[in-house]
Each structure stands twice: as C-alpha cells, then as structure tokens.
>>> print(open('entry.tsv').read())   # TSV, C-alpha atoms
chain	number	residue	atom	x	y	z
A	1	MET	CA	0.38	22.98	14.65
A	2	PRO	CA	-0.81	22.19	11.11
A	3	ARG	CA	-3.42	19.57	10.33
A	4	LEU	CA	-2.31	16.34	8.69
A	5	SER	CA	-4.19	17.33	5.53
A	6	GLU	CA	-2.10	20.51	5.29
A	7	VAL	CA	1.20	18.68	5.72
A	8	ILE	CA	0.17	16.00	3.21
A	9	ALA	CA	-0.75	18.73	0.69
A	10	ALA	CA	2.76	20.15	1.07
A	11	LEU	CA	4.33	16.71	0.58
A	12	GLU	CA	2.15	16.03	-2.45
A	13	ASN	CA	3.34	19.29	-3.94
A	14	LEU	CA	6.94	18.06	-3.59
A	15	TRP	CA	6.18	14.56	-4.87
A	16	PRO	CA	2.85	14.45	-6.77
A	17	ALA	CA	1.29	10.99	-6.62
A	18	GLU	CA	0.49	11.10	-10.33
A	19	ARG	CA	4.22	11.04	-11.11
A	20	ALA	CA	4.63	7.63	-9.46
A	21	GLU	CA	4.94	4.53	-11.63
A	22	SER	CA	1.66	2.76	-12.37
A	23	TRP	CA	2.70	-0.28	-10.31
A	24	ASP	CA	3.66	1.80	-7.28
A	25	ALA	CA	1.71	2.39	-4.04
A	26	VAL	CA	2.29	5.92	-2.79
A	27	GLY	CA	0.35	8.41	-0.69
A	28	THR	CA	-1.22	8.30	2.74
A	29	VAL	CA	-1.64	4.81	4.16
A	30	VAL	CA	-2.87	5.66	7.68
A	31	GLY	CA	-4.02	8.94	9.16
A	32	GLU	CA	-6.92	11.17	10.14
A	33	PRO	CA	-6.93	14.31	7.96
A	34	ASP	CA	-7.90	16.64	10.82
A	35	GLN	CA	-5.34	15.39	13.33
A	36	ARG	CA	-2.69	17.91	14.38
A	37	VAL	CA	0.93	17.25	13.42
A	38	GLY	CA	3.75	18.48	15.65
A	39	ARG	CA	6.53	15.99	14.87
A	40	VAL	CA	7.44	14.22	11.63
A	41	LEU	CA	9.90	11.36	11.23
A	42	PHE	CA	11.45	10.45	7.86
A	43	ALA	CA	12.74	6.92	7.20
A	44	VAL	CA	13.46	4.61	4.28
A	45	ASP	CA	11.41	1.62	5.46
A	46	PRO	CA	7.99	1.39	7.18
A	47	VAL	CA	9.08	-1.51	9.38
A	48	GLN	CA	8.39	-2.12	13.06
A	49	GLU	CA	11.74	-0.66	14.09
A	50	THR	CA	11.04	2.73	12.52
A	51	VAL	CA	7.42	2.70	13.71
A	52	ASP	CA	8.60	2.02	17.27
A	53	GLU	CA	11.08	4.89	16.84
A	54	ALA	CA	8.20	7.15	15.79
A	55	VAL	CA	6.26	6.10	18.90
A	56	ALA	CA	9.23	6.79	21.19
A	57	LEU	CA	9.81	10.15	19.52
A	58	GLY	CA	6.16	11.17	19.93
A	59	ALA	CA	5.83	11.65	16.15
A	60	ASP	CA	2.44	12.31	14.62
A	61	LEU	CA	3.53	11.45	11.07
A	62	LEU	CA	5.97	8.93	9.64
A	63	VAL	CA	7.08	9.55	6.05
A	64	THR	CA	8.84	6.64	4.33
A	65	HIS	CA	10.33	6.06	0.92
A	66	HIS	CA	9.32	2.43	0.60
A	67	PRO	CA	5.63	1.48	0.54
A	68	LEU	CA	4.09	-0.63	3.29
A	69	TYR	CA	1.77	-2.48	0.92
A	70	LEU	CA	3.20	-2.53	-2.59
A	71	ARG	CA	0.78	-5.30	-3.54
A	72	GLY	CA	-2.80	-5.82	-2.45
A	73	THR	CA	-3.67	-7.53	0.80
A	74	THR	CA	-6.74	-9.12	2.36
A	75	THR	CA	-5.75	-8.58	6.00
A	76	VAL	CA	-4.18	-6.13	8.39
A	77	ALA	CA	-4.26	-8.62	11.25
A	78	ALA	CA	-1.66	-7.88	13.91
A	79	SER	CA	-0.44	-11.46	13.57
A	80	THR	CA	1.29	-10.36	10.33
A	81	PHE	CA	4.27	-8.03	10.54
A	82	LYS	CA	2.69	-5.44	8.23
A	83	GLY	CA	-0.59	-5.67	10.09
A	84	ARG	CA	1.26	-5.10	13.34
A	85	VAL	CA	2.77	-1.96	11.83
A	86	VAL	CA	-0.73	-0.69	10.95
A	87	HIS	CA	-2.06	-1.49	14.43
A	88	THR	CA	0.88	0.26	16.12
A	89	LEU	CA	0.43	3.36	13.97
A	90	ILE	CA	-3.32	3.64	14.58
A	91	ARG	CA	-3.06	2.85	18.29
A	92	ASN	CA	-0.56	5.71	18.70
A	93	ASP	CA	-2.30	8.19	16.37
A	94	ILE	CA	0.63	8.19	13.93
A	95	ALA	CA	-0.05	8.77	10.25
A	96	LEU	CA	1.99	7.09	7.49
A	97	HIS	CA	2.72	8.68	4.13
A	98	VAL	CA	4.79	7.13	1.31
A	99	ALA	CA	6.79	8.86	-1.45
A	100	HIS	CA	8.49	6.23	-3.62
A	101	THR	CA	8.97	6.48	-7.40
A	102	ASN	CA	7.44	9.97	-7.33
A	103	ALA	CA	10.37	10.95	-5.09
A	104	ASP	CA	12.84	9.07	-7.29
A	105	THR	CA	12.10	11.29	-10.29
A	106	ALA	CA	11.49	14.56	-8.43
A	107	ASP	CA	13.65	17.66	-8.74
A	108	PRO	CA	15.38	17.38	-6.36
A	109	GLY	CA	14.87	13.70	-5.67
A	110	VAL	CA	16.47	10.53	-4.39
A	111	SER	CA	19.38	10.53	-6.82
A	112	ASP	CA	20.11	14.23	-6.23
A	113	ALA	CA	20.46	13.43	-2.52
A	114	LEU	CA	22.75	10.49	-3.34
A	115	ALA	CA	24.90	12.70	-5.57
A	116	GLY	CA	25.04	15.34	-2.84
A	117	ALA	CA	26.19	12.80	-0.26
A	118	LEU	CA	28.99	11.76	-2.61
A	119	GLY	CA	30.06	15.32	-3.40
A	120	LEU	CA	29.10	15.04	-7.07
A	121	ARG	CA	27.75	17.85	-9.24
A	122	VAL	CA	24.51	16.94	-11.00
A	123	VAL	CA	24.59	17.64	-14.72
A	124	ARG	CA	21.27	16.19	-15.92
A	125	PRO	CA	18.82	13.33	-15.36
A	126	LEU	CA	19.95	9.91	-16.56
A	127	VAL	CA	16.44	9.11	-17.82
A	128	PRO	CA	14.65	12.44	-18.40
A	129	ASP	CA	10.94	12.77	-17.64
A	130	PRO	CA	9.36	13.61	-21.02
A	131	SER	CA	6.61	15.58	-19.27
A	132	ASP	CA	9.13	18.02	-17.75
A	133	PRO	CA	9.69	21.00	-20.08
A	134	ASP	CA	12.72	22.09	-18.06
A	135	GLY	CA	14.44	18.71	-18.41
A	136	ARG	CA	15.34	18.50	-14.70
A	137	ARG	CA	13.11	15.69	-13.50
A	138	GLY	CA	13.74	12.05	-14.23
A	139	LEU	CA	15.26	8.82	-13.00
A	140	GLY	CA	18.91	8.77	-11.93
A	141	ARG	CA	21.43	11.54	-12.46
A	142	VAL	CA	24.52	12.08	-14.61
A	143	CYS	CA	27.17	13.74	-12.46
A	144	GLU	CA	30.73	15.00	-12.34
A	145	PRO	CA	33.18	14.93	-9.42
A	146	ASP	CA	34.96	18.16	-8.58
A	147	HIS	CA	38.12	16.57	-10.01
A	148	PRO	CA	38.79	13.22	-11.74
A	149	LEU	CA	38.86	10.25	-9.36
A	150	THR	CA	40.03	6.72	-9.84
A	151	VAL	CA	37.43	3.98	-9.48
A	152	ARG	CA	39.22	3.02	-6.27
A	153	GLU	CA	38.94	6.57	-4.90
A	154	LEU	CA	35.28	6.82	-5.83
A	155	ALA	CA	34.55	3.51	-4.09
A	156	VAL	CA	36.38	4.65	-0.96
A	157	ARG	CA	34.51	7.97	-1.03
A	158	ALA	CA	31.19	6.12	-1.24
A	159	ALA	CA	32.19	3.84	1.64
A	160	GLU	CA	33.13	6.87	3.75
A	161	ARG	CA	30.13	9.06	2.97
A	162	LEU	CA	27.20	6.66	2.73
A	163	PRO	CA	25.78	5.07	5.89
A	164	ALA	CA	27.61	1.96	7.06
A	165	THR	CA	26.23	-1.39	5.93
A	166	ALA	CA	27.50	-4.97	6.03
A	167	GLN	CA	27.87	-4.97	2.24
A	168	GLY	CA	29.94	-1.82	1.93
A	169	ILE	CA	30.78	-0.97	-1.70
A	170	ARG	CA	31.52	-3.53	-4.43
A	171	ALA	CA	33.29	-2.43	-7.60
A	172	ALA	CA	33.77	-3.87	-11.08
A	173	GLY	CA	36.33	-2.64	-13.57
A	174	ASP	CA	39.87	-1.33	-13.43
A	175	PRO	CA	40.37	0.19	-9.93
A	176	ASP	CA	42.88	2.67	-11.36
A	177	ALA	CA	40.73	3.88	-14.26
A	178	LEU	CA	39.85	7.57	-14.14
A	179	VAL	CA	36.26	8.67	-13.54
A	180	ARG	CA	35.31	12.05	-14.96
A	181	THR	CA	31.59	11.38	-15.30
A	182	VAL	CA	29.42	9.08	-13.22
A	183	ALA	CA	25.76	8.08	-13.31
A	184	VAL	CA	24.03	7.49	-9.98
A	185	SER	CA	20.66	5.98	-9.18
A	186	GLY	CA	19.33	5.40	-5.69
A	187	GLY	CA	17.87	1.93	-5.18
A	188	SER	CA	17.90	-0.91	-7.70
A	189	GLY	CA	19.53	0.31	-10.90
A	190	ASP	CA	20.45	-2.57	-13.16
A	191	SER	CA	17.46	-1.94	-15.42
A	192	LEU	CA	19.14	1.32	-16.49
A	193	PHE	CA	22.20	-0.04	-18.28
A	194	ASP	CA	20.97	1.01	-21.75
A	195	HIS	CA	20.65	4.59	-20.49
A	196	VAL	CA	24.03	4.41	-18.75
A	197	ARG	CA	25.70	3.32	-22.01
A	198	ALA	CA	23.88	6.04	-23.95
A	199	ALA	CA	25.11	8.64	-21.43
A	200	GLY	CA	28.73	7.63	-22.09
A	201	VAL	CA	29.74	7.88	-18.43
A	202	ASP	CA	32.87	6.35	-16.94
A	203	ALA	CA	31.13	4.77	-13.94
A	204	PHE	CA	27.71	3.84	-12.63
A	205	LEU	CA	26.92	3.79	-8.90
A	206	THR	CA	23.68	2.20	-7.78
A	207	ALA	CA	22.41	-0.77	-5.72
A	208	ASP	CA	21.24	-4.37	-6.12
A	209	LEU	CA	23.35	-5.14	-9.18
A	210	ARG	CA	22.68	-8.73	-10.26
A	211	HIS	CA	25.29	-11.03	-11.76
A	212	HIS	CA	23.99	-11.35	-15.33
A	213	PRO	CA	23.07	-7.69	-16.01
A	214	ALA	CA	26.36	-6.53	-14.49
A	215	SER	CA	28.39	-9.10	-16.43
A	216	GLU	CA	26.68	-8.24	-19.70
A	217	ALA	CA	27.20	-4.52	-19.09
A	218	MET	CA	30.92	-5.04	-18.56
A	219	GLU	CA	31.24	-7.27	-21.64
A	220	THR	CA	29.29	-4.80	-23.80
A	221	ALA	CA	31.49	-1.93	-22.63
A	222	ALA	CA	34.63	-3.94	-23.39
A	223	ARG	CA	33.44	-4.78	-26.90
A	224	GLY	CA	32.68	-1.13	-27.53
A	225	HIS	CA	36.12	-0.11	-26.25
A	226	ARG	CA	34.40	2.18	-23.76
A	227	PRO	CA	35.37	1.02	-20.24
A	228	LEU	CA	32.62	1.21	-17.65
A	229	ALA	CA	33.16	0.80	-13.92
A	230	LEU	CA	30.31	-0.39	-11.71
A	231	LEU	CA	29.92	0.45	-8.04
A	232	ASP	CA	27.30	-1.46	-6.09
A	233	ALA	CA	26.16	-0.17	-2.70
A	234	ALA	CA	23.43	-1.39	-0.35
A	235	HIS	CA	19.92	-0.43	-1.46
A	236	TRP	CA	19.06	1.22	1.86
A	237	ALA	CA	22.32	3.20	1.95
A	238	THR	CA	21.74	4.77	-1.48
A	239	GLU	CA	18.27	5.97	-0.49
A	240	TRP	CA	18.86	7.12	3.08
A	241	PRO	CA	20.35	10.52	2.04
A	242	TRP	CA	16.92	11.36	0.56
A	243	CYS	CA	15.48	11.33	4.10
A	244	GLU	CA	17.77	14.22	5.04
A	245	LEU	CA	16.93	16.10	1.85
A	246	ALA	CA	13.18	15.55	2.33
A	247	ALA	CA	13.36	16.61	5.97
A	248	ALA	CA	15.16	19.81	4.98
A	249	GLN	CA	12.48	20.52	2.35
A	250	LEU	CA	9.67	20.08	4.88
A	251	ASP	CA	11.55	22.23	7.40
A	252	GLU	CA	11.70	25.01	4.83
A	253	ILE	CA	7.97	24.69	4.12
A	254	SER	CA	7.23	24.73	7.85
A	255	ASP	CA	9.22	27.94	8.33
A	256	ARG	CA	7.50	29.55	5.35
A	257	HIS	CA	4.03	28.76	6.71
A	258	GLY	CA	4.89	29.55	10.32
A	259	TRP	CA	4.06	26.01	11.43
A	260	ASP	CA	5.13	24.69	14.82
A	261	LEU	CA	6.61	21.53	13.31
A	262	ARG	CA	9.65	19.50	14.34
A	263	VAL	CA	11.20	17.30	11.67
A	264	HIS	CA	13.49	14.33	12.36
A	265	VAL	CA	15.39	11.72	10.33
A	266	SER	CA	15.55	8.11	11.48
A	267	LYS	CA	19.05	6.81	12.10
A	268	ALA	CA	17.82	3.19	12.32
A	269	VAL	CA	19.76	0.96	9.93
A	270	THR	CA	17.01	-1.09	8.28
A	271	ASP	CA	19.23	-2.69	5.67
A	272	PRO	CA	18.42	-6.42	6.03
A	273	TRP	CA	22.05	-7.58	5.84
A	274	THR	CA	23.85	-7.59	9.18
A	275	ALA	CA	27.24	-9.26	8.59
A	276	HIS	CA	29.89	-9.79	5.92
A	277	ALA	CA	32.63	-12.42	5.70
A	278	ALA	CA	35.45	-11.86	3.23
A	279	SER	CA	36.45	-14.73	0.95
A	280	SER	CA	39.15	-17.04	2.31
A	281	ALA	CA	42.71	-15.92	1.68
A	282	ALA	CA	43.64	-19.56	1.25
A	283	ARG	CA	41.73	-19.68	-2.03
A	284	PRO	CA	43.38	-17.46	-4.68
A	285	SER	CA	41.08	-14.87	-6.17
A	286	PRO	CA	41.57	-12.16	-8.82
A	287	ALA	CA	39.39	-9.76	-6.84
A	288	THR	CA	41.09	-6.53	-5.83
A	289	ALA	CA	40.58	-5.11	-2.36
A	290	LEU	CA	39.62	-1.47	-2.15
A	291	PRO	CA	41.29	-0.02	0.95
A	292	GLY	CA	39.63	2.85	2.71
A	293	SER	CA	38.29	4.26	5.93
A	294	ALA	CA	35.38	2.82	7.81
A	295	ALA	CA	32.02	3.86	6.42
A	296	ARG	CA	30.22	6.55	8.35
A	297	VAL	CA	27.33	5.77	10.63
A	298	PRO	CA	24.62	8.44	10.73
A	299	SER	CA	24.59	10.45	13.95
A	300	ASP	CA	21.93	12.70	15.44
A	301	SER	CA	23.82	15.81	14.36
A	302	ASP	CA	24.96	14.53	10.99
A	303	THR	CA	23.48	16.26	7.94
A	304	SER	CA	26.31	15.68	5.48
A	305	GLY	CA	24.18	13.40	3.29
A	306	ALA	CA	21.81	16.12	2.11
A	307	PRO	CA	22.74	18.66	-0.54
A	308	ASN	CA	23.01	22.29	0.59
>>> encode(input="entry.tsv", output="structure tokens")
Amino acid sequence: MPRLSEVIAALENLWPAERAESWDAVGTVVGEPDQRVGRVLFAVDPVQETVDEAVALGADLLVTHHPLYLRGTTTVAASTFKGRVVHTLIRNDIALHVAHTNADTADPGVSDALAGALGLRVVRPLVPDPSDPDGRRGLGRVCEPDHPLTVRELAVRAAERLPATAQGIRAAGDPDALVRTVAVSGGSGDSLFDHVRAAGVDAFLTADLRHHPASEAMETAARGHRPLALLDAAHWATEWPWCELAAAQLDEISDRHGWDLRVHVSKAVTDPWTAHAASSAARPSPATALPGSAARVPSDSDTSGAPN
C-alpha cells in the first residue's frame, strides 16, 4: 500500500494547489504523511455523514471537493460540528484532502464531469485559464449536445442524469426553444453571466442562481435579441459527478504504480434541502411545468456520471 504522502503527491499533480483561487483552502487538512493508504473515499462535502461513511468503509483517506475550513478558526473542539469531524478523522486514522477551485479549473475538472453526466461534448473552457498554453483549463465549459434539444428536453435530461435532489431542475426561458450550444459550470455560477453572454450559447446550466442576476441576464438577453435559457440545479448535484471522475483518475494512477489501493465514491446525498412543495394550483401562475422521469439516485454500481 502507498504512503499518504505518495497518494497526496499524485492528487496534487492532478489538481495543483497553486491553481486554487487565493481565497480558497485546499490541500491536506488532516493526515500523517507516512501512514499507509489502502482505501480512499471521494465525496463532495466533509460533513459528519461522509466522515462516518469513511469510518464504516475502513477508509484511510477522504478526498472532498468542498473545504472543511474555508475561513480561519480558533478551535477544533468536538463541541463544534467541524471540530467533531476533525476528532473523528484523527481518532480513526483517516486523512482528509481537499481539491476545490483547483479541481474546478483542471483538465479534466468539475465541469467536464458535469458535461459528461449530461452527455454533452466539451468544446472549450467558458473562462480560459490564461496560464494554460493549450487553452484547455479554465472555469466552466462550453458544450454541444449530440443533436439539438429543446430547453424542456435538456431540463428533463438533467433531472434524469444528475443525482436526485429535492430541488430538481428549474428552468427560465422558452421551454420549446432549441439548444445547440450550452455552457455548464459545476457549483455556483451566476458570477459568470458576462462570460456566458460573450460565448453566445443558447443555454446555461449551473447551480445557485439568485433572483437578481438571473433576472438581469434574461432581460439583457431579450434586449440583445439573443434568447438565453437558464437551468438551475442543486449545487451538490452539479459537483457530485466530479467524484466519479476523480475516483477513476486515482484508480488509473494506482494501476500504473502497482498500488494496492481501493477507491470508492460516496453515495450520501449531502445536499442540505430535503423536501419540495409545488406552488398551489389554486393560485394561477405563468410557470410552466417540465414533465420528465424521476431523477436518478446514485447506486453502488452506477458510474454513468463520469466521462469515459
């Protein structure tokens, strides 16, 4: 079995810490460099549920997308929920490593995994990394479906192929408009509207769209006579496919080095929203329902979210 330091070196090669945003907190949070690693668990969130899953699995390393401590702290007391996470990890000899914005802009990265889950072909980054001479790294991706889809069909596809959440998929724009190009960005994406407009895409699929930025984007598109559809998924659901991609990457590295390493992906749904109530039918609304199949729930054998 490899040492933790060897596995971390491999992960840092995939997602160098220096490519993270200056405000971010990435890298190893907990772990003894010389400890042996036989099992690795990938998850979106370093919360107690995924840590308990790592304990039950017998994992030696938990790799998450979201940081545990994004801002500074003065305590890791077990009376706080983050402190309890730290205590549980150390007590069970489990290391924690974080790849956040350095995984967002990687090639392949979070948005490549999202595009792969949706069956979209990646054309280029939405916001290219100026330090990448090949022009492949960057934030978000501009994509094409294998054939034009309506906004309605794209929303239904997202609901079917992304993990199930209480929110599902919200859409703005004409449900019957054709989508030939679509920008995607895993996680919160409403700071990217200028880049979306510059890309000239027909639709933008991301998460955490707020009222005012979304409204302004729609109004700006209408004034420019360039319709833009918006599709808003749950934050966790847009980033979970990266776990499958990252696990596959580490599996490949393990095989190449001859490591005795078992890699797993957490199926715990750590999206904070647990229920959804539709608006009352007694109160007329112009909103249009988007019919479709039930969203998929990740299963132990399911790898459809990661690109081949």
>>> closest_atom_pairs(input="entry.tsv", of="range 183-211 of chain A", to="range 136-152 of chain A", cutoff="6 Å", atoms="all atoms listed in the file", output="JSON lines")
{"residue": "A:Ala183", "atom": "CA", "partner": "A:Val142", "partner_atom": "CA", "distance": 4.4}
{"residue": "A:Val184", "atom": "CA", "partner": "A:Arg141", "partner_atom": "CA", "distance": 5.4}
{"residue": "A:Ser185", "atom": "CA", "partner": "A:Gly140", "partner_atom": "CA", "distance": 4.3}
>>> closest_residue(input="entry.tsv", among="A:Ala59, A:Leu245, A:Val44, A:Val196", to="Ala106 in chain A", atoms="only C-alpha atoms")
A:Leu245
>>> closest_residue(input="entry.tsv", among="A:Leu96, A:Leu231, A:Thr64, A:Pro175", to="Val29 in chain A", atoms="only C-alpha atoms")
A:Leu96
>>> closest_residue(input="entry.tsv", among="A:Asp107, A:Asp232, A:Asp202, A:Glu6", to="Gly189 in chain A", atoms="only C-alpha atoms")
A:Asp232
>>> closest_residue(input="entry.tsv", among="A:Ala9, A:Ala278, A:Ala246, A:Val85", to="Asp45 in chain A", atoms="all atoms listed in the file")
A:Val85
>>> residues_near_point(input="entry.tsv", point="(8.7, 6.8, -7.1)", cutoff="9 Å", atoms="all atoms listed in the file", output="ChimeraX atom specification")
/A:15,17,19-21,24-26,65-66,99-106
>>> closest_atom_pairs(input="entry.tsv", of="range 31-69 of chain A", to="range 252-260 of chain A", cutoff="9 Å", atoms="all atoms listed in the file", output="JSON lines")
{"residue": "A:Val37", "atom": "CA", "partner": "A:Asp260", "partner_atom": "CA", "distance": 8.7}
{"residue": "A:Gly38", "atom": "CA", "partner": "A:Asp260", "partner_atom": "CA", "distance": 6.4}
{"residue": "A:Arg39", "atom": "CA", "partner": "A:Asp260", "partner_atom": "CA", "distance": 8.8}
>>> write_last_selection(input="entry.tsv", atoms="C-alpha atoms", output="PDB file, in the coordinates of the input")
ATOM      1  CA  VAL A  37       0.930  17.250  13.420  1.00  0.00           C
ATOM      2  CA  GLY A  38       3.750  18.480  15.650  1.00  0.00           C
ATOM      3  CA  ARG A  39       6.530  15.990  14.870  1.00  0.00           C
TER       4      ARG A  39
END
>>> atom_distance(input="entry.tsv", atom1="CA of Thr28 in chain A", atom2="CA of Ala95 in chain A")
7.6 Å
>>> residues_around(input="entry.tsv", residues="Gly135 in chain A", least_positions_apart="4", cutoff="8 Å", atoms="only C-alpha atoms", output="ChimeraX atom specification")
/A:124-125,128-130
>>> write_last_selection(input="entry.tsv", atoms="C-alpha atoms", output="short mmCIF file (atom, residue, chain, number, x, y, z; two decimals), keeping the file's coordinate frame")
data_model
loop_
_atom_site.label_atom_id
_atom_site.label_comp_id
_atom_site.auth_asym_id
_atom_site.auth_seq_id
_atom_site.Cartn_x
_atom_site.Cartn_y
_atom_site.Cartn_z
CA ARG A 124 21.27 16.19 -15.92
CA PRO A 125 18.82 13.33 -15.36
CA PRO A 128 14.65 12.44 -18.40
CA ASP A 129 10.94 12.77 -17.64
CA PRO A 130 9.36 13.61 -21.02
#
>>> build_atoms(input="entry.tsv", residues="range 148-167 of chain A", atoms="N, CA and C atoms", output="short mmCIF file (atom, residue, chain, number, x, y, z; two decimals), in the frame of the given file")
data_model
loop_
_atom_site.label_atom_id
_atom_site.label_comp_id
_atom_site.auth_asym_id
_atom_site.auth_seq_id
_atom_site.Cartn_x
_atom_site.Cartn_y
_atom_site.Cartn_z
N PRO A 148 38.81 14.65 -11.38
CA PRO A 148 38.79 13.22 -11.74
C PRO A 148 39.24 12.34 -10.57
N LEU A 149 38.54 11.23 -10.40
CA LEU A 149 38.86 10.25 -9.36
C LEU A 149 39.13 8.91 -10.01
N THR A 150 39.94 8.09 -9.39
CA THR A 150 40.03 6.72 -9.84
C THR A 150 38.81 5.97 -9.34
N VAL A 151 38.54 4.82 -9.95
CA VAL A 151 37.43 3.98 -9.48
C VAL A 151 37.65 3.63 -8.01
N ARG A 152 38.88 3.34 -7.66
CA ARG A 152 39.22 3.02 -6.27
C ARG A 152 38.86 4.18 -5.33
N GLU A 153 39.23 5.40 -5.74
CA GLU A 153 38.94 6.57 -4.90
C GLU A 153 37.45 6.83 -4.79
N LEU A 154 36.73 6.63 -5.87
CA LEU A 154 35.28 6.82 -5.83
C LEU A 154 34.62 5.80 -4.91
N ALA A 155 35.09 4.55 -4.97
CA ALA A 155 34.55 3.51 -4.09
C ALA A 155 34.82 3.83 -2.63
N VAL A 156 36.03 4.29 -2.34
CA VAL A 156 36.38 4.65 -0.96
C VAL A 156 35.54 5.84 -0.50
N ARG A 157 35.34 6.82 -1.39
CA ARG A 157 34.51 7.97 -1.03
C ARG A 157 33.09 7.52 -0.70
N ALA A 158 32.54 6.62 -1.51
CA ALA A 158 31.19 6.12 -1.24
C ALA A 158 31.13 5.38 0.08
N ALA A 159 32.15 4.58 0.37
CA ALA A 159 32.19 3.84 1.64
C ALA A 159 32.27 4.79 2.83
N GLU A 160 32.97 5.90 2.65
CA GLU A 160 33.13 6.87 3.75
C GLU A 160 31.89 7.72 3.96
N ARG A 161 31.18 8.04 2.87
CA ARG A 161 30.13 9.06 2.97
C ARG A 161 28.72 8.49 3.04
N LEU A 162 28.52 7.27 2.59
CA LEU A 162 27.20 6.66 2.73
C LEU A 162 27.12 5.95 4.08
N PRO A 163 25.91 5.76 4.60
CA PRO A 163 25.78 5.07 5.89
C PRO A 163 26.41 3.68 5.84
N ALA A 164 26.93 3.25 6.97
CA ALA A 164 27.61 1.96 7.06
C ALA A 164 26.63 0.81 6.90
N THR A 165 27.00 -0.17 6.09
CA THR A 165 26.23 -1.39 5.93
C THR A 165 27.19 -2.57 5.88
N ALA A 166 26.66 -3.77 6.09
CA ALA A 166 27.50 -4.97 6.03
C ALA A 166 28.11 -5.14 4.65
N GLN A 167 27.38 -4.77 3.61
CA GLN A 167 27.87 -4.97 2.24
C GLN A 167 29.03 -4.04 1.92
#
